[in-house]
Amino acid sequence: MTLEKNLGSLLGYSEETRVELVQVGEAGETPTLELRLKRFAGELGWQTHRRIRLAAGQIGSLRDALNLMDPDARDSRHPGRRSDQDSNVIELTALRRQSS
């Protein structure tokens, strides 16, 4: 049985998109991180369009690559505005502060 734990969501490139971060694993195995591109489809709600699964060993490499970004780009606020669809979206900066 596949176990999933939602770690957070990021606002997407438009109001109709977002990226979910989900820990995915089978019982007794090392979990992995899955990035899911979701789009809002009106009455159907949020639909998953793309999935990228990272192996456990790749997560540190992703973190290292993100830390190489220009700090102004990495730490700037998302230019998009929130809508009712985004009311349950968690900003990772807020999540990081709460978990510290």
# chains A, B, ... in the order shown; residues from 1 in each chain; ligands from 1
>>> residues_around(residues="A:Gly57", least_positions_apart="6", cutoff="12 Å", atoms="only C-alpha atoms", output="number ranges by chain")
A: 30-33, 63-64
>>> closest_residue(among="A:Asp75, A:Asp70, A:Glu4, A:Glu15", to="A:Ala41", atoms="only C-alpha atoms")
A:Glu15
>>> residues_around(residues="A:Arg18", least_positions_apart="5", cutoff="8 Å", atoms="only C-alpha atoms", output="mmCIF file with N, CA and C atoms, in the first residue's frame")
data_model
loop_
_atom_site.group_PDB
_atom_site.id
_atom_site.type_symbol
_atom_site.label_atom_id
_atom_site.label_comp_id
_atom_site.auth_asym_id
_atom_site.auth_seq_id
_atom_site.Cartn_x
_atom_site.Cartn_y
_atom_site.Cartn_z
ATOM 1 N N SER A 9 2.242 23.145 -0.503
ATOM 2 C CA SER A 9 1.891 23.542 -1.862
ATOM 3 C C SER A 9 2.535 24.878 -2.180
ATOM 4 N N LEU A 10 2.882 25.049 -3.438
ATOM 5 C CA LEU A 10 3.441 26.301 -3.924
ATOM 6 C C LEU A 10 2.487 26.897 -4.939
ATOM 7 N N LEU A 11 2.360 28.220 -4.932
ATOM 8 C CA LEU A 11 1.571 28.862 -5.972
ATOM 9 C C LEU A 11 2.228 28.580 -7.308
ATOM 10 N N GLY A 12 1.425 28.373 -8.348
ATOM 11 C CA GLY A 12 1.960 28.079 -9.667
ATOM 12 C C GLY A 12 2.236 29.326 -10.469
ATOM 13 N N TYR A 13 2.527 29.125 -11.737
ATOM 14 C CA TYR A 13 2.843 30.239 -12.631
ATOM 15 C C TYR A 13 1.606 31.031 -13.022
ATOM 16 N N LEU A 37 2.356 18.848 -10.449
ATOM 17 C CA LEU A 37 1.788 20.037 -11.065
ATOM 18 C C LEU A 37 0.287 19.831 -11.149
ATOM 19 N N LYS A 38 -0.459 20.736 -10.533
ATOM 20 C CA LYS A 38 -1.924 20.634 -10.527
ATOM 21 C C LYS A 38 -2.516 21.840 -11.234
ATOM 22 N N ARG A 39 -3.648 21.619 -11.887
ATOM 23 C CA ARG A 39 -4.390 22.693 -12.538
ATOM 24 C C ARG A 39 -5.828 22.648 -12.052
#
>>> closest_residue(among="A:Ser61, A:Phe40, A:Leu54, A:His49", to="A:Val22", atoms="only C-alpha atoms")
A:Leu54
>>> residues_around(residues="A:Gly28", least_positions_apart="2", cutoff="12 Å", atoms="only C-alpha atoms", output="ChimeraX atom specification")
/A:1-3,24-26,30-31
>>> write_last_selection(atoms="N, CA and C atoms", output="PDB file, in the first residue's frame")
ATOM      1  N   MET A   1       0.839  -1.180   0.000  1.00  0.00           N
ATOM      2  CA  MET A   1       0.000   0.000   0.000  1.00  0.00           C
ATOM      3  C   MET A   1       0.890   1.251   0.000  1.00  0.00           C
ATOM      4  N   THR A   2       0.579   2.192  -0.866  1.00  0.00           N
ATOM      5  CA  THR A   2       1.338   3.433  -0.967  1.00  0.00           C
ATOM      6  C   THR A   2       0.872   4.412   0.105  1.00  0.00           C
ATOM      7  N   LEU A   3       1.826   4.970   0.842  1.00  0.00           N
ATOM      8  CA  LEU A   3       1.539   5.961   1.875  1.00  0.00           C
ATOM      9  C   LEU A   3       1.947   7.327   1.360  1.00  0.00           C
ATOM     10  N   VAL A  24       6.055  10.216  -0.659  1.00  0.00           N
ATOM     11  CA  VAL A  24       5.400   8.997  -1.127  1.00  0.00           C
ATOM     12  C   VAL A  24       6.290   7.812  -0.789  1.00  0.00           C
ATOM     13  N   GLY A  25       5.688   6.731  -0.312  1.00  0.00           N
ATOM     14  CA  GLY A  25       6.487   5.546  -0.020  1.00  0.00           C
ATOM     15  C   GLY A  25       5.630   4.323   0.201  1.00  0.00           C
ATOM     16  N   GLU A  26       6.269   3.204   0.073  1.00  0.00           N
ATOM     17  CA  GLU A  26       5.643   1.927   0.394  1.00  0.00           C
ATOM     18  C   GLU A  26       6.067   1.541   1.806  1.00  0.00           C
ATOM     19  N   THR A  30      12.210   3.332   1.952  1.00  0.00           N
ATOM     20  CA  THR A  30      12.568   4.734   2.166  1.00  0.00           C
ATOM     21  C   THR A  30      11.636   5.606   1.325  1.00  0.00           C
ATOM     22  N   PRO A  31      10.964   6.584   1.927  1.00  0.00           N
ATOM     23  CA  PRO A  31      10.043   7.433   1.149  1.00  0.00           C
ATOM     24  C   PRO A  31      10.811   8.349   0.202  1.00  0.00           C
TER      25      PRO A  31
END
>>> atom_distance(atom1="atom CA of A:Gly42", atom2="atom CA of A:Leu21")
22.0 Å
>>> closest_residue(among="A:Glu20, A:Asn6, A:Ala73, A:Glu29", to="A:Ala56", atoms="only C-alpha atoms")
A:Glu29
